[in-house]
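Have a look at model.txt; it's compact mmCIF, C-alpha atoms:
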```
# COMPACT_ATOMS: atom_id res chain seq x y z
CA MET D 1470 -4.01 -163.90 -2.39
CA PHE D 1471 -4.62 -161.70 0.62
CA ASP D 1472 -6.18 -163.12 3.75
CA TRP D 1473 -7.87 -159.80 4.48
CA MET D 1474 -8.89 -156.70 2.60
CA ILE D 1475 -9.36 -153.84 5.07
CA VAL D 1476 -11.38 -150.83 3.91
CA GLY D 1477 -10.13 -147.70 5.68
CA ALA D 1478 -6.68 -146.76 6.99
CA GLY D 1479 -7.80 -144.96 10.15
CA PHE D 1480 -7.55 -146.26 13.69
CA ALA D 1481 -9.88 -149.24 13.25
CA GLY D 1482 -8.38 -150.44 9.99
CA SER D 1483 -4.75 -149.81 10.90
CA VAL D 1484 -4.94 -151.47 14.31
CA LEU D 1485 -6.56 -154.56 12.83
CA ALA D 1486 -4.06 -154.69 9.95
CA GLU D 1487 -1.16 -154.53 12.40
CA ARG D 1488 -2.59 -157.22 14.69
CA LEU D 1489 -3.49 -159.60 11.86
CA ALA D 1490 -0.09 -159.22 10.22
CA SER D 1491 2.14 -159.28 13.29
CA GLN D 1492 0.26 -161.75 15.48
CA ARG D 1493 -1.09 -164.21 12.90
CA GLY D 1494 1.18 -163.77 9.92
CA ASP D 1495 -1.87 -162.97 7.77
CA ARG D 1496 -1.46 -161.11 4.50
CA VAL D 1497 -3.40 -157.85 4.58
CA LEU D 1498 -4.34 -155.23 1.99
CA VAL D 1499 -5.44 -151.86 3.39
CA VAL D 1500 -7.44 -149.69 0.98
CA ASP D 1501 -8.43 -146.06 1.49
CA ARG D 1502 -10.19 -143.71 -0.91
CA ARG D 1503 -8.29 -140.72 0.48
CA ASN D 1504 -4.72 -139.97 -0.57
CA HIS D 1505 -3.27 -140.72 2.86
CA ILE D 1506 -3.38 -143.08 5.82
CA GLY D 1507 -4.53 -142.13 9.32
CA GLY D 1508 -8.16 -141.34 8.62
CA ASN D 1509 -9.39 -138.17 10.30
CA ALA D 1510 -6.33 -138.18 12.59
CA PHE D 1511 -4.03 -137.50 9.63
CA ASP D 1512 -1.56 -134.67 10.26
CA ARG D 1513 0.93 -133.04 7.93
CA TYR D 1514 3.52 -130.29 7.71
CA ASN D 1515 2.21 -127.28 5.81
CA GLU D 1516 4.20 -125.13 3.42
CA HIS D 1517 5.75 -123.23 6.35
CA GLY D 1518 6.85 -126.38 8.18
CA LEU D 1519 4.09 -126.25 10.81
CA LEU D 1520 2.49 -129.51 11.85
CA VAL D 1521 -1.28 -129.24 11.38
CA HIS D 1522 -4.20 -131.64 11.71
CA GLN D 1523 -5.90 -131.81 8.34
CA TYR D 1524 -9.32 -132.57 9.84
CA GLY D 1525 -9.24 -130.44 12.96
CA PRO D 1526 -7.59 -131.06 16.34
CA HIS D 1527 -7.34 -134.65 17.55
CA ILE D 1528 -6.45 -134.89 21.23
CA PHE D 1529 -5.56 -138.34 22.51
CA HIS D 1530 -6.81 -139.26 25.97
CA THR D 1531 -7.68 -142.57 27.62
CA ASN D 1532 -8.11 -144.30 30.95
CA SER D 1533 -7.15 -147.64 29.43
CA GLU D 1534 -3.65 -148.85 30.25
CA ARG D 1535 -4.04 -151.57 27.64
CA ILE D 1536 -4.85 -149.15 24.81
CA PHE D 1537 -2.11 -146.73 25.83
CA ASP D 1538 0.48 -149.52 26.02
CA TYR D 1539 -0.57 -150.88 22.65
CA LEU D 1540 -0.20 -147.53 20.85
CA SER D 1541 3.06 -146.86 22.69
CA GLN D 1542 4.65 -149.53 20.49
CA PHE D 1543 4.39 -147.11 17.58
CA THR D 1544 5.08 -143.69 19.06
CA GLU D 1545 6.79 -141.75 21.79
CA TRP D 1546 4.46 -139.33 23.56
CA ARG D 1547 4.32 -135.67 24.50
CA ALA D 1548 2.31 -134.92 27.66
CA TYR D 1549 -0.51 -132.51 26.87
CA GLU D 1550 -3.65 -131.53 28.78
CA HIS D 1551 -6.13 -129.81 26.51
CA ARG D 1552 -7.79 -126.62 27.71
CA VAL D 1553 -10.65 -124.81 26.02
CA LEU D 1554 -12.09 -121.34 26.49
CA ALA D 1555 -15.54 -120.25 25.34
CA GLN D 1556 -16.36 -116.72 24.22
CA VAL D 1557 -19.53 -115.92 26.15
CA ASP D 1558 -20.95 -112.45 26.76
CA GLY D 1559 -17.76 -110.97 25.34
CA MET D 1560 -15.54 -112.84 27.81
CA LEU D 1561 -13.29 -115.87 27.49
CA VAL D 1562 -14.24 -118.36 30.20
CA PRO D 1563 -13.32 -122.01 30.81
CA ILE D 1564 -15.38 -124.82 29.35
CA PRO D 1565 -16.42 -127.33 30.63
CA ILE D 1566 -18.23 -125.00 33.02
CA ASN D 1567 -16.41 -124.85 36.35
CA LEU D 1568 -16.13 -122.59 39.39
CA ASP D 1569 -14.04 -119.98 37.57
CA THR D 1570 -16.52 -119.93 34.67
CA VAL D 1571 -19.43 -118.99 36.92
CA ASN D 1572 -17.48 -116.51 39.05
CA LYS D 1573 -16.10 -114.64 36.05
CA LEU D 1574 -19.33 -114.66 34.09
CA TYR D 1575 -21.46 -113.35 36.97
CA ASN D 1576 -18.80 -111.41 38.89
CA LEU D 1577 -19.21 -113.65 41.93
CA ASN D 1578 -16.86 -115.09 44.51
CA LEU D 1579 -18.43 -118.49 45.13
CA THR D 1580 -16.50 -121.40 46.60
CA SER D 1581 -16.57 -125.01 45.43
CA GLU D 1582 -18.79 -125.78 48.41
CA GLU D 1583 -21.28 -123.07 47.45
CA LEU D 1584 -21.48 -123.72 43.72
CA PRO D 1585 -23.70 -126.87 43.84
CA ALA D 1586 -26.41 -124.92 45.65
CA TRP D 1587 -26.07 -122.09 43.12
CA PHE D 1588 -26.59 -124.58 40.29
CA ALA D 1589 -29.50 -126.22 42.12
CA GLU D 1590 -31.34 -122.90 42.43
CA ARG D 1591 -31.29 -122.58 38.65
CA ALA D 1592 -31.79 -126.20 37.63
CA GLU D 1593 -35.12 -127.25 36.16
CA PRO D 1594 -36.53 -130.64 37.20
CA VAL D 1595 -36.84 -133.11 34.31
CA ASP D 1596 -38.76 -136.29 35.04
CA ILE D 1597 -37.08 -138.42 32.37
CA ILE D 1598 -33.78 -137.33 30.80
CA LYS D 1599 -34.17 -138.00 27.08
CA THR D 1600 -32.58 -135.17 25.12
CA SER D 1601 -29.40 -133.13 25.21
CA ARG D 1602 -31.40 -130.15 26.48
CA ASP D 1603 -32.74 -132.22 29.37
CA VAL D 1604 -29.22 -133.15 30.45
CA VAL D 1605 -28.07 -129.56 30.81
CA VAL D 1606 -31.13 -127.73 32.15
CA SER D 1607 -31.65 -130.40 34.80
CA VAL D 1608 -28.21 -129.60 36.22
CA VAL D 1609 -27.52 -125.88 35.60
CA GLY D 1610 -30.76 -124.35 34.33
CA VAL D 1611 -31.84 -122.57 31.17
CA GLU D 1612 -29.56 -119.52 31.23
CA LEU D 1613 -26.26 -121.41 31.20
CA TYR D 1614 -27.76 -123.89 28.76
CA GLU D 1615 -28.54 -121.07 26.34
CA LYS D 1616 -25.16 -119.39 26.77
CA PHE D 1617 -22.96 -122.46 26.37
CA PHE D 1618 -24.91 -125.27 24.74
CA GLN D 1619 -27.89 -124.22 22.67
CA GLY D 1620 -26.17 -122.10 20.04
CA TYR D 1621 -23.10 -124.28 19.81
CA THR D 1622 -25.18 -127.44 19.41
CA ARG D 1623 -27.40 -125.85 16.77
CA LYS D 1624 -24.31 -124.93 14.76
CA GLN D 1625 -22.57 -128.25 15.30
CA TRP D 1626 -25.50 -130.52 14.55
CA GLY D 1627 -27.96 -128.37 12.61
CA LEU D 1628 -30.55 -129.32 15.22
CA ASP D 1629 -31.75 -127.96 18.53
CA PRO D 1630 -30.44 -129.90 21.58
CA SER D 1631 -34.04 -130.84 22.35
CA GLU D 1632 -33.96 -132.93 19.14
CA LEU D 1633 -30.75 -134.81 19.96
CA ASP D 1634 -30.02 -137.83 22.12
CA LYS D 1635 -28.94 -137.12 25.69
CA SER D 1636 -25.49 -138.61 25.04
CA ILE D 1637 -24.40 -135.58 22.99
CA THR D 1638 -24.21 -133.04 25.83
CA ALA D 1639 -23.65 -135.71 28.49
CA ARG D 1640 -20.10 -135.91 27.10
CA VAL D 1641 -19.38 -132.43 28.49
CA PRO D 1642 -19.23 -132.42 32.30
CA ILE D 1643 -20.25 -129.67 34.71
CA ARG D 1644 -17.63 -129.09 37.43
CA THR D 1645 -17.79 -127.43 40.82
CA ASN D 1646 -14.01 -127.08 41.25
CA ARG D 1647 -11.43 -125.08 39.29
CA ASP D 1648 -10.24 -127.95 37.08
CA ASP D 1649 -10.07 -126.35 33.63
CA ARG D 1650 -8.81 -129.39 31.73
CA TYR D 1651 -11.13 -130.48 28.94
CA PHE D 1652 -10.46 -134.13 29.75
CA THR D 1653 -9.65 -135.82 33.06
CA ASP D 1654 -8.35 -139.17 31.74
CA SER D 1655 -5.30 -140.71 33.37
CA HIS D 1656 -3.39 -140.71 30.07
CA GLN D 1657 -3.37 -137.41 28.17
CA PHE D 1658 -0.71 -137.28 25.49
CA MET D 1659 -0.03 -136.41 21.88
CA PRO D 1660 2.10 -138.59 19.57
CA ARG D 1661 5.50 -136.92 19.78
CA ASP D 1662 6.13 -137.05 16.03
CA GLY D 1663 2.50 -136.76 14.98
CA TYR D 1664 -0.31 -139.17 14.21
CA THR D 1665 0.74 -139.88 10.64
CA ARG D 1666 4.15 -141.08 11.76
CA MET D 1667 2.46 -143.36 14.31
CA PHE D 1668 0.26 -144.88 11.59
CA GLU D 1669 3.26 -145.32 9.30
CA LYS D 1670 5.00 -147.40 11.96
CA MET D 1671 1.82 -149.36 12.65
CA LEU D 1672 1.48 -150.32 8.98
CA ASP D 1673 5.20 -150.93 8.41
CA HIS D 1674 5.08 -154.72 8.15
CA PRO D 1675 6.07 -157.00 5.25
CA ASN D 1676 2.63 -158.66 5.35
CA ILE D 1677 0.77 -155.34 4.93
CA ALA D 1678 0.18 -153.61 1.60
CA VAL D 1679 -1.49 -150.19 1.44
CA MET D 1680 -3.39 -148.63 -1.45
CA THR D 1681 -4.55 -145.02 -1.11
CA ASN D 1682 -6.56 -143.01 -3.65
CA THR D 1683 -8.52 -146.22 -4.16
CA ASP D 1684 -12.20 -146.97 -3.74
CA TYR D 1685 -12.33 -150.60 -2.62
CA ARG D 1686 -15.38 -151.24 -4.81
CA THR D 1687 -13.22 -150.76 -7.91
CA ILE D 1688 -10.81 -153.51 -6.87
CA ARG D 1689 -12.85 -155.78 -4.60
CA ASP D 1690 -13.51 -158.26 -7.39
CA LEU D 1691 -10.06 -157.87 -8.93
CA VAL D 1692 -7.82 -158.49 -5.92
CA PRO D 1693 -8.22 -161.98 -4.45
CA HIS D 1694 -8.88 -161.95 -0.71
CA ARG D 1695 -10.59 -164.25 1.73
CA LYS D 1696 -12.31 -161.87 4.12
CA LEU D 1697 -13.18 -158.19 4.39
CA ILE D 1698 -12.99 -155.72 7.27
CA TYR D 1699 -15.08 -152.65 6.54
CA THR D 1700 -14.69 -149.38 8.48
CA GLY D 1701 -16.65 -147.04 6.20
CA PRO D 1702 -20.31 -145.96 6.45
CA ILE D 1703 -22.42 -149.08 6.86
CA ASP D 1704 -25.27 -147.71 4.75
CA GLU D 1705 -22.87 -147.10 1.89
CA TYR D 1706 -21.69 -150.70 1.99
CA PHE D 1707 -25.27 -151.83 1.33
CA ASP D 1708 -25.83 -149.17 -1.36
CA HIS D 1709 -28.21 -147.25 0.92
CA ARG D 1710 -30.80 -150.01 0.63
CA TYR D 1711 -32.98 -148.52 3.37
CA GLY D 1712 -31.98 -144.91 2.78
CA LYS D 1713 -29.02 -142.84 3.92
CA LEU D 1714 -27.98 -142.70 7.55
CA PRO D 1715 -27.64 -139.03 8.56
CA TYR D 1716 -24.17 -137.73 9.36
CA ARG D 1717 -22.83 -134.31 10.22
CA SER D 1718 -19.76 -133.07 8.37
CA LEU D 1719 -17.19 -130.31 8.83
CA GLN D 1720 -15.43 -127.81 6.61
CA PHE D 1721 -12.03 -126.46 7.65
CA ARG D 1722 -10.24 -123.19 7.06
CA HIS D 1723 -6.52 -123.52 7.75
CA GLU D 1724 -4.50 -120.34 8.24
CA THR D 1725 -0.86 -119.58 8.97
CA LEU D 1726 -0.33 -116.44 11.06
CA ASP D 1727 2.84 -114.40 11.28
CA VAL D 1728 3.00 -114.57 15.08
CA GLU D 1729 4.50 -117.12 17.46
CA GLN D 1730 1.25 -117.66 19.36
CA ALA D 1731 -2.30 -116.58 18.53
CA LEU D 1732 -4.55 -118.15 21.18
CA PRO D 1733 -4.27 -118.39 24.98
CA THR D 1734 -5.32 -122.06 24.87
CA GLY D 1735 -5.41 -124.87 22.33
CA THR D 1736 -9.03 -124.16 21.36
CA ILE D 1737 -11.59 -121.39 21.70
CA ASN D 1738 -15.29 -122.23 21.29
CA TYR D 1739 -17.89 -119.79 20.00
CA PRO D 1740 -21.31 -120.83 21.34
CA MET D 1741 -22.95 -117.41 20.93
CA THR D 1742 -21.30 -115.75 17.92
CA GLU D 1743 -19.59 -116.55 14.58
CA ASP D 1744 -20.49 -119.06 11.89
CA TYR D 1745 -17.68 -121.39 12.97
CA THR D 1746 -17.87 -123.42 16.16
CA ARG D 1747 -14.25 -123.18 17.24
CA VAL D 1748 -10.72 -122.21 16.31
CA SER D 1749 -7.67 -124.23 17.36
CA GLU D 1750 -3.93 -123.56 17.44
CA TYR D 1751 -1.73 -126.61 17.00
CA LYS D 1752 1.50 -125.43 18.63
CA HIS D 1753 -0.19 -125.79 22.02
CA MET D 1754 -0.68 -129.47 21.21
CA THR D 1755 2.52 -130.27 19.37
CA GLY D 1756 4.97 -128.15 21.34
CA GLN D 1757 6.54 -127.09 18.06
CA ILE D 1758 8.83 -124.05 18.18
CA HIS D 1759 8.37 -121.88 15.11
CA PRO D 1760 8.20 -118.12 14.37
CA LYS D 1761 4.77 -118.60 12.77
CA THR D 1762 1.68 -120.44 13.97
CA ALA D 1763 -1.14 -122.43 12.38
CA VAL D 1764 -4.82 -122.25 13.28
CA THR D 1765 -7.92 -123.99 11.99
CA TYR D 1766 -11.51 -122.73 11.93
CA GLU D 1767 -14.25 -125.37 11.91
CA TYR D 1768 -17.55 -124.89 10.11
CA PRO D 1769 -20.17 -127.62 10.60
CA SER D 1770 -21.85 -128.72 7.40
CA ALA D 1771 -24.71 -130.90 6.22
CA THR D 1772 -22.61 -132.06 3.26
CA GLY D 1773 -19.15 -133.51 2.91
CA ASP D 1774 -17.29 -136.43 4.44
CA PRO D 1775 -19.27 -138.15 7.21
CA TYR D 1776 -17.82 -137.29 10.64
CA TYR D 1777 -20.49 -137.57 13.29
CA PRO D 1778 -23.48 -139.91 13.39
CA ILE D 1779 -26.56 -137.85 14.26
CA LEU D 1780 -27.92 -139.63 17.32
CA ARG D 1781 -31.72 -139.56 17.20
CA PRO D 1782 -34.20 -142.40 17.77
CA GLU D 1783 -35.26 -142.63 14.14
CA ASN D 1784 -31.63 -142.81 13.01
CA ALA D 1785 -30.87 -145.53 15.55
CA ALA D 1786 -33.81 -147.52 14.20
CA LEU D 1787 -32.53 -147.14 10.64
CA TYR D 1788 -29.07 -148.28 11.73
CA LYS D 1789 -30.59 -151.40 13.30
CA GLN D 1790 -31.87 -152.39 9.85
CA TYR D 1791 -28.36 -152.12 8.43
CA GLU D 1792 -26.91 -153.92 11.44
CA ALA D 1793 -29.20 -156.87 10.68
CA LEU D 1794 -27.90 -156.94 7.09
CA ALA D 1795 -24.32 -156.81 8.36
CA THR D 1796 -24.87 -159.70 10.74
CA ALA D 1797 -26.19 -161.80 7.88
CA THR D 1798 -23.26 -160.99 5.55
CA PRO D 1799 -20.61 -163.74 5.54
CA ASP D 1800 -16.87 -163.08 5.76
CA VAL D 1801 -17.26 -159.34 6.48
CA TRP D 1802 -16.50 -157.59 9.77
CA PHE D 1803 -17.87 -154.08 10.39
CA VAL D 1804 -15.69 -151.99 12.71
CA GLY D 1805 -15.32 -148.30 13.65
CA ARG D 1806 -17.40 -145.19 14.12
CA LEU D 1807 -18.98 -145.14 10.67
CA ALA D 1808 -19.52 -148.88 10.36
CA THR D 1809 -21.24 -149.14 13.74
CA TYR D 1810 -22.88 -145.68 13.72
CA ARG D 1811 -21.44 -144.67 17.09
CA TYR D 1812 -19.69 -141.55 18.37
CA TYR D 1813 -16.35 -143.02 19.47
CA ASN D 1814 -13.18 -141.30 20.61
CA MET D 1815 -9.86 -142.48 19.19
CA ASP D 1816 -9.09 -144.68 22.17
CA GLN D 1817 -12.54 -146.27 22.01
CA VAL D 1818 -12.09 -147.15 18.33
CA THR D 1819 -8.67 -148.61 19.16
CA GLY D 1820 -10.24 -150.67 21.92
CA GLN D 1821 -13.01 -151.84 19.60
CA ALA D 1822 -10.45 -152.92 17.00
CA LEU D 1823 -8.39 -154.82 19.60
CA ALA D 1824 -11.55 -156.55 20.85
CA THR D 1825 -12.49 -157.44 17.26
CA PHE D 1826 -9.07 -158.99 16.74
CA GLU D 1827 -9.61 -161.16 19.79
CA ARG D 1828 -12.92 -162.36 18.33
CA ILE D 1829 -11.19 -163.10 15.04
CA GLU D 1830 -8.53 -165.07 16.91
CA ALA D 1831 -11.24 -167.12 18.57
CA SER D 1832 -13.24 -167.68 15.36
CA VAL D 1833 -10.78 -167.98 12.47
CA PRO D 1834 -8.41 -170.97 12.68
CA ARG D 1835 -4.86 -170.59 11.41
CA LEU D 1836 -3.05 -172.76 8.94
CA ALA D 1837 0.05 -174.63 10.08
CA ASN D 1838 2.28 -171.79 8.88
CA GLY D 1839 0.39 -169.33 11.00
CA ARG D 1840 -1.97 -167.96 8.38
CA SER D 1841 -5.74 -168.17 8.67
CA HIS D 1842 -7.63 -171.09 7.20
CA ALA D 1843 -9.00 -170.33 3.76
CA GLY D 1844 -12.06 -172.51 4.07
CA VAL D 1845 -13.71 -170.86 7.08
CA ALA D 1846 -16.76 -168.72 6.24
CA LEU D 1847 -17.71 -166.33 9.02
CA PRO D 1848 -21.04 -164.59 9.42
CA GLY D 1849 -20.92 -160.84 9.10
CA THR D 1850 -19.83 -159.28 12.37
CA VAL D 1851 -20.64 -155.84 13.73
CA ALA D 1852 -18.00 -154.85 16.24
CA SER D 1853 -18.82 -153.71 19.74
CA ALA D 1854 -16.66 -151.55 21.96
CA ALA D 1855 -14.05 -153.20 24.17
```

Go through the file and emit its structure as structure tokens.
Amino acid sequence: MFDWMIVGAGFAGSVLAERLASQRGDRVLVVDRRNHIGGNAFDRYNEHGLLVHQYGPHIFHTNSERIFDYLSQFTEWRAYEHRVLAQVDGMLVPIPINLDTVNKLYNLNLTSEELPAWFAERAEPVDIIKTSRDVVVSVVGVELYEKFFQGYTRKQWGLDPSELDKSITARVPIRTNRDDRYFTDSHQFMPRDGYTRMFEKMLDHPNIAVMTNTDYRTIRDLVPHRKLIYTGPIDEYFDHRYGKLPYRSLQFRHETLDVEQALPTGTINYPMTEDYTRVSEYKHMTGQIHPKTAVTYEYPSATGDPYYPILRPENAALYKQYEALATATPDVWFVGRLATYRYYNMDQVTGQALATFERIEASVPRLANGRSHAGVALPGTVASAA
């Protein structure tokens, strides 16, 4: 008898499995339909011995000391600050847009003090910021919006920015200085030995069993367990009772090149040209020394594994219907990006899982030997971020 069956071996599922096993002595079964642990952060060595991210680059960054300290139990770190260039008007310029971006693109010599006024001259007033287009044009105007955001967003989401929630482009800042880092968090690191090795250590506990290549629905009624933690798509759990929640997917083309370095930075974005949105080179991120290099091209897709919830009002309303079902479902906890229909970074999912564990601790009594009480029936719980 397992105390918990956890569906999904990504960040949410693995963090909760580790906490339940190590802190409570609970017996945990982790099930994943893929043939590996780690979720979308899974990395592997290819046939040439190059470490690659199977599902595109995953860059860890956080401002949370608590989350960083927690994950540090399972990995050493390599300091890495991600930088991205965008190919715009035939030039490679920094993104997020900063002082150097504008000066190079328009052959200017503005200072940081002058750039805000330059932006203001081009900005278009928007009474109420509702969409991703509103966010950008209200700060930098239509021309930069079209060069950097419109085409990229249409490729990435299959929708015009005017059709998407403001939170999509609000994630990308506009800078007036020369800071060309993609992120500005206080902790910017990569797991020294890769994400997969970190997950292996996280799940290496005698109270944790892992089954990959397994759809939990085929074993849910066969393997005795007291409670379920579900990190997959919430609409799928309820057999799409109200219809499918829209997600955006990705297709990847992995290539090994016979050169030591192919790109000047970790990633190059293509907002104006190409079918793919970006290409990334992993040796920038991993620090690996190798005579060859590995790159990945990303092609957004309407079909395939669900990666990104499509944030629109009608989709949020549909999710609320599933959230109500989840809340009314006993002994099941819904955690993670897909189960809560949110666009979370890796650190945010980790924080959500840690916060969920605290709620479990407060709600599920333990037996005298440290394991949870078998007779407690909990209402379904939809996790919130920490």

Give one line per residue of segment 1759-1853 of chain D that approaches segment 1476-1480 of chain D to at most 12 Å, naming the two atoms of the closest pair and their distance in Å to one decimal, counting all atoms listed in the file; sort by chain then ascending residue number and deliver it as a tab-separated table.
```
residue	atom	partner	partner_atom	distance
D:Val1801	CA	D:Val1476	CA	10.7
D:Trp1802	CA	D:Val1476	CA	10.3
D:Phe1803	CA	D:Val1476	CA	9.7
D:Val1804	CA	D:Val1476	CA	9.9
D:Gly1805	CA	D:Phe1480	CA	8.0
D:Arg1806	CA	D:Phe1480	CA	9.9
D:Leu1807	CA	D:Gly1477	CA	10.5
D:Ala1808	CA	D:Gly1477	CA	10.6
D:Tyr1813	CA	D:Phe1480	CA	11.0
D:Asn1814	CA	D:Phe1480	CA	10.2
D:Met1815	CA	D:Phe1480	CA	7.1
D:Asp1816	CA	D:Phe1480	CA	8.8
D:Gln1817	CA	D:Phe1480	CA	9.7
D:Val1818	CA	D:Phe1480	CA	6.6
D:Thr1819	CA	D:Phe1480	CA	6.1
D:Gly1820	CA	D:Phe1480	CA	9.7
D:Gln1821	CA	D:Phe1480	CA	9.8
D:Ala1822	CA	D:Phe1480	CA	8.0
D:Leu1823	CA	D:Phe1480	CA	10.4
```

Using only C-alpha atoms, which of D:Lys1789, D:Arg1591, D:Arg1488, D:Lys1696 sits nearest Asp1673 of chain D?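 Of all the options, D:Arg1488 lies closest to Asp1673 of chain D.
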
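Residue nearest Pro1782 of chain D within the list D:Gly1620, D:Pro1834, D:Gly1627, D:Pro1715: D:Pro1715 [criterion: smallest interatomic distance, only C-alpha atoms].
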
Excluding segment 1766-1775 of chain D and residues on its chain fewer than 2 positions from it, collect all residues at most 9 Å away from it, counting only C-alpha atoms, and give them as an mmCIF file with C-alpha atoms, in the coordinates of the input.
```cif
data_model
loop_
_atom_site.group_PDB
_atom_site.id
_atom_site.type_symbol
_atom_site.label_atom_id
_atom_site.label_comp_id
_atom_site.auth_asym_id
_atom_site.auth_seq_id
_atom_site.Cartn_x
_atom_site.Cartn_y
_atom_site.Cartn_z
ATOM 1 C CA TYR D 1524 -9.320 -132.570 9.840
ATOM 2 C CA GLY D 1525 -9.240 -130.440 12.960
ATOM 3 C CA LYS D 1624 -24.310 -124.930 14.760
ATOM 4 C CA GLN D 1625 -22.570 -128.250 15.300
ATOM 5 C CA TRP D 1626 -25.500 -130.520 14.550
ATOM 6 C CA GLY D 1627 -27.960 -128.370 12.610
ATOM 7 C CA PRO D 1702 -20.310 -145.960 6.450
ATOM 8 C CA PRO D 1715 -27.640 -139.030 8.560
ATOM 9 C CA TYR D 1716 -24.170 -137.730 9.360
ATOM 10 C CA ARG D 1717 -22.830 -134.310 10.220
ATOM 11 C CA SER D 1718 -19.760 -133.070 8.370
ATOM 12 C CA LEU D 1719 -17.190 -130.310 8.830
ATOM 13 C CA GLN D 1720 -15.430 -127.810 6.610
ATOM 14 C CA PHE D 1721 -12.030 -126.460 7.650
ATOM 15 C CA ARG D 1722 -10.240 -123.190 7.060
ATOM 16 C CA HIS D 1723 -6.520 -123.520 7.750
ATOM 17 C CA GLU D 1724 -4.500 -120.340 8.240
ATOM 18 C CA ASP D 1744 -20.490 -119.060 11.890
ATOM 19 C CA TYR D 1745 -17.680 -121.390 12.970
ATOM 20 C CA THR D 1746 -17.870 -123.420 16.160
ATOM 21 C CA ARG D 1747 -14.250 -123.180 17.240
ATOM 22 C CA VAL D 1748 -10.720 -122.210 16.310
ATOM 23 C CA SER D 1749 -7.670 -124.230 17.360
ATOM 24 C CA VAL D 1764 -4.820 -122.250 13.280
ATOM 25 C CA TYR D 1777 -20.490 -137.570 13.290
ATOM 26 C CA PRO D 1778 -23.480 -139.910 13.390
ATOM 27 C CA LEU D 1807 -18.980 -145.140 10.670
#
```

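Computed from the coordinates, the atom CA of Ile1779 of chain D to atom CA of Gly1482 of chain D distance equals 22.5 Å.
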
If we count only C-alpha atoms and set the cut-off at 7 Å, which residues sit around Tyr1791 of chain D, ignoring sequence neighbours fewer than 4 positions away in its own chain? Please answer as a short mmCIF file (atom, residue, chain, number, x, y, z; two decimals) with C-alpha atoms, in the frame of the given file.
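The resulting file, around24.cif, is reproduced below:
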```cif
data_model
loop_
_atom_site.label_atom_id
_atom_site.label_comp_id
_atom_site.auth_asym_id
_atom_site.auth_seq_id
_atom_site.Cartn_x
_atom_site.Cartn_y
_atom_site.Cartn_z
CA ILE D 1703 -22.42 -149.08 6.86
CA ASP D 1704 -25.27 -147.71 4.75
CA LEU D 1787 -32.53 -147.14 10.64
CA ALA D 1795 -24.32 -156.81 8.36
#
```

Atom pair atom CA of Leu1519 of chain D + atom CA of His1505 of chain D, distance 18.1 Å

Spatial neighbours of Asp1649 of chain D, 9 Å, all atoms listed in the file, chain gap at least 6 places, as a PyMOL selection string: chain D and resi 1551-1554+1563-1567+1569

Those same residues, written as a compact mmCIF listing (two decimals), in the frame of the given file with C-alpha atoms?
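Ended up saving to result_33.txt:
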```txt
# COMPACT_ATOMS: atom_id res chain seq x y z
CA HIS D 1551 -6.13 -129.81 26.51
CA ARG D 1552 -7.79 -126.62 27.71
CA VAL D 1553 -10.65 -124.81 26.02
CA LEU D 1554 -12.09 -121.34 26.49
CA PRO D 1563 -13.32 -122.01 30.81
CA ILE D 1564 -15.38 -124.82 29.35
CA PRO D 1565 -16.42 -127.33 30.63
CA ILE D 1566 -18.23 -125.00 33.02
CA ASN D 1567 -16.41 -124.85 36.35
CA ASP D 1569 -14.04 -119.98 37.57
```

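When atom CA of Glu1750 of chain D is paired with atom CA of Ala1763 of chain D, their separation reads 5.9 Å.
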
Might you pull out every residue within 8 Å of segment 1677-1683 of chain D, with only C-alpha atoms counted and same-chain residues fewer than 4 positions away left off, and present them as a ChimeraX atom specification? /D:1486-1487,1490,1496-1506,1672-1673,1687

Put a box with edges along x, y and z around all the listed atoms of segment 1491-1504 of chain D, pad it by 4 Å on each side, then give me its centre and sizes in Å, one decimal, as lines of an AutoDock Vina configuration file.
```
center_x = -4.0
center_y = -152.1
center_z = 7.3
size_x = 20.3
size_y = 32.2
size_z = 24.4
```

Between D:Arg1644, D:His1527, D:Lys1635, D:Arg1547, which is the closest to Phe1588 of chain D once you count all atoms listed in the file?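 Closest to Phe1588 of chain D of all the choices is D:Arg1644.
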
Fewer than 4 positions away in the same chain doesn't count, so skip those; otherwise give me all residues within 8 Å of Gln1757 of chain D, counting only C-alpha atoms, as number ranges by chain. D: 1519-1520, 1752-1753

Taking (3.1, -153.5, 21.1) in the file's coordinates, which residues come within 12 Å, counting all atoms listed in the file, written as a ChimeraX atom specification? /D:1484,1487-1488,1491-1492,1535-1544,1670-1671,1823
